[in-house]
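Asker: I'd like to ask you about the structure that follows.
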Amino acid sequence: MADRKNDEVLLYRDPVEGKYPSPERYKRGQNVPVPESVGVVLDLSVDTLLDGDWPARRLCPLS
């Protein structure tokens, strides 16, 4: 979850009895690992997630 108010990304994973424990917090300059359960190895930039500066957004004015 991108928390723009607090300028951080929160990663919730591994629910216990249907509830998520405290999230892992990532600040600008860090990368957020995509959980292994997704099936890919990928790190996402916190800056990109907070700013929404995706290449497709720059190429398509409607996005």
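We label chains A, B, ... in the order they appear in the structure tokens, count residues from 1 in each chain, and number ligands from 1 in the order shown.
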For A:Gln30, list every protein, DNA or RNA residue within 9 Å, evaluated using only C-alpha atoms, and leave out those in the same chain fewer than 2 positions away; present the list as a list in words.

Answerer: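 In the requested form, the answer reads Tyr26, Lys27, Arg28, Val32, Leu44, Ser45, Val46 and Asp47 of chain A.
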
Asker: Write out as JSON, numbers by chain the set of residues from chain A that DSSP, computed on the backbone, places in strand (DSSP E or B).

Answerer: {"A": [2, 3, 8, 9, 10, 11, 16, 19, 24, 25, 26, 27, 31, 32, 33, 43, 44, 45]}

Asker: Would you mind listing what lies within 10 Å of stretch 13-20 of chain A as a list in words, with only C-alpha atoms counted and same-chain residues fewer than 4 positions away left out?

Answerer: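 Non-adjacent residues within range: Glu24, Pro35 and Ser37 of chain A.
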
Asker: Based on DSSP run over this structure's backbone, return all residues of chain A in helix (DSSP H, G or I), as a ChimeraX atom specification.

Answerer: /A:36-38,46-51,55-59

Asker: Atom CA of A:Asn31 and atom CA of A:Asp43 are how many Å apart?

Answerer: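 These two atoms are separated by 5.6 Å.
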
Asker: Please measure the separation of atom CA of A:Arg25 and atom CA of A:Leu10, giving the value in Å to one decimal.

Answerer: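 Atom CA of A:Arg25 sits 4.8 Å away from atom CA of A:Leu10.
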